[in-house]
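Data block below; observations after.
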Amino acid sequence: MANEYVTLEELKSQFQIEPDDTSRDADLNRARASASRSIDKTTGRRFWLDPAPVARTFNPRGRIVRDDDGELFLVDDIGSLTGLVVESGSGTSWSTVTGYETSPDNALADGQPVTGLLRVLGTWGTATSRLRVTARFGWPAVPDDIHEAALLQASRLFKRKDSPEGIIGSAEWGVRNLSRRDPDVWALIEPYIVPGF
């Protein structure tokens, strides 16, 4: 398993499980992975960073925003400028594009991803060309809110085995149904949902 937003040690600590007790590691790891991937699916993005630059090809149609400053090409989250290459073309014919700025300004310095490439007072080409971006996609670091949401959701998933029918009981509260969505997890991840996703 890789790219989980909470560690096995953190989840064990949540349940006061001794670090050397490995009897529940498989269940805990499954909960960590499920919580992390469900956050990715719900937000429409991922918060781990590619270890090396990866090439992705985009159809610019529907991804170009025109304003007075030029054309802004909306890209998947880019978490590092190391190895960033932008090319225009199609098939086997690609030309390197220069003269663009990353957007929003200071995104990486603020712990946010780059989400757009701006051609200042310029255009991104014809509608028939494609844009290929080679970059380290993802976020520069996992935000604290996402980490906490993953810890809460993984804890909830791990405990779910104690309530297979979605009903949980307690001497203090009596019997009640589990809510479909944890309101605390939702409050933590909602600001990170890609608009329109």
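In the structure tokens, chains take letters A, B, ... by order of appearance, with residues numbered from 1 within each chain and ligands from 1 in the order shown.
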Practice item. Show which residues sit within 10 Å of Pro195 of chain A, as a ChimeraX atom specification. Count only C-alpha atoms, and ignore same-chain residues fewer than 3 positions away. Key: /A:43-44,191-192
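Residues of segment 12-92 of chain A that DSSP, applied to the backbone, places in helix (DSSP H, G or I): A:Lys12, A:Ser13, A:Gln14, A:Asp25, A:Ala26, A:Asp27, A:Leu28, A:Asn29, A:Arg30, A:Ala31, A:Arg32, A:Ala33, A:Ser34, A:Ala35, A:Ser36, A:Arg37, A:Ser38, A:Ile39, A:Asp40, A:Lys41, A:Thr42, A:Thr43.
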Practice item. Pick out the closest residue to Leu131 of chain A from this set: A:Arg160, A:Arg61, A:Arg66, A:Arg24. Count only C-alpha atoms. Key: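 Closest to Leu131 of chain A of all the choices is A:Arg61.
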**Study point:** Interatomic distance (Å, one decimal) between atom CA of Asn59 of chain A and atom CA of Gly91 of chain A
**Key:** 12.6 Å
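Separating atom CA of Gln112 of chain A from atom CA of Gly62 of chain A is a distance of 22.9 Å.
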Review point. Looking at A:Pro183, A:Gly122, A:Pro19, A:Pro113, which one is nearest to Arg45 of chain A, with distances taken over only C-alpha atoms?
Key: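 Under the stated criterion, the closest residue is A:Pro113.
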Review point. Using the chain letters and numbers from this document, which residues of segment 11-175 of chain A does DSSP assign to strand (DSSP E or B), as JSON, numbers by chain?
Key: {"A": [54, 55, 56, 57, 58, 64, 65, 66, 67, 70, 71, 72, 73, 74, 75, 76, 77, 78, 79, 80, 81, 82, 83, 84, 85, 86, 87, 88, 89, 90, 93, 94, 95, 96, 101, 102, 103, 114, 115, 116, 117, 118, 119, 120, 130, 131, 132, 133, 134, 135, 136, 137, 167, 168, 169, 170, 174, 175]}
Check your understanding: Do you know which residues are at most 8 Å from Asp77 of chain A counting only C-alpha atoms, after dropping those on the same chain fewer than 2 positions away, and could you put them as number ranges by chain?
Key -> A: 45, 75, 79, 113-115, 137-139
Check your understanding: From the list A:Trp94, A:Phe73, A:Phe58, A:Trp186, which residue is nearest Gly116 of chain A when using only C-alpha atoms?
Key -> A:Phe73
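Nearest to Gly89 of chain A of all the residues A:Lys161, A:Arg130, A:His147, A:Lys41 is A:Arg130, counting only C-alpha atoms.
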**Study point:** Among listed residues A:Ala33, A:Leu72, A:Ile146, A:Leu49, nearest Pro104 of chain A (using only C-alpha atoms)
**Key:**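 Checking each candidate against Pro104 of chain A, we get A:Leu72 as the closest.
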Practice item. Please provide the set of residues having any atom within 10 Å of Thr42 of chain A, restricted to only C-alpha atoms, with same-chain residues fewer than 5 positions apart removed, written as an NGL selection string. Key: :A and (37 or 186 or 189-190 or 192-194 or 197)
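Relative to atom CA of Leu121 of chain A, atom CA of Ala55 of chain A is found at 26.0 Å.
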**Study point:** Contacts of Ser155 of chain A within 10 Å, only C-alpha atoms, excl. fewer than 4 positions in-chain, as an NGL selection string
**Key:** :A and (11-12 or 14-15 or 28 or 31-32 or 35 or 149-151 or 159-160)
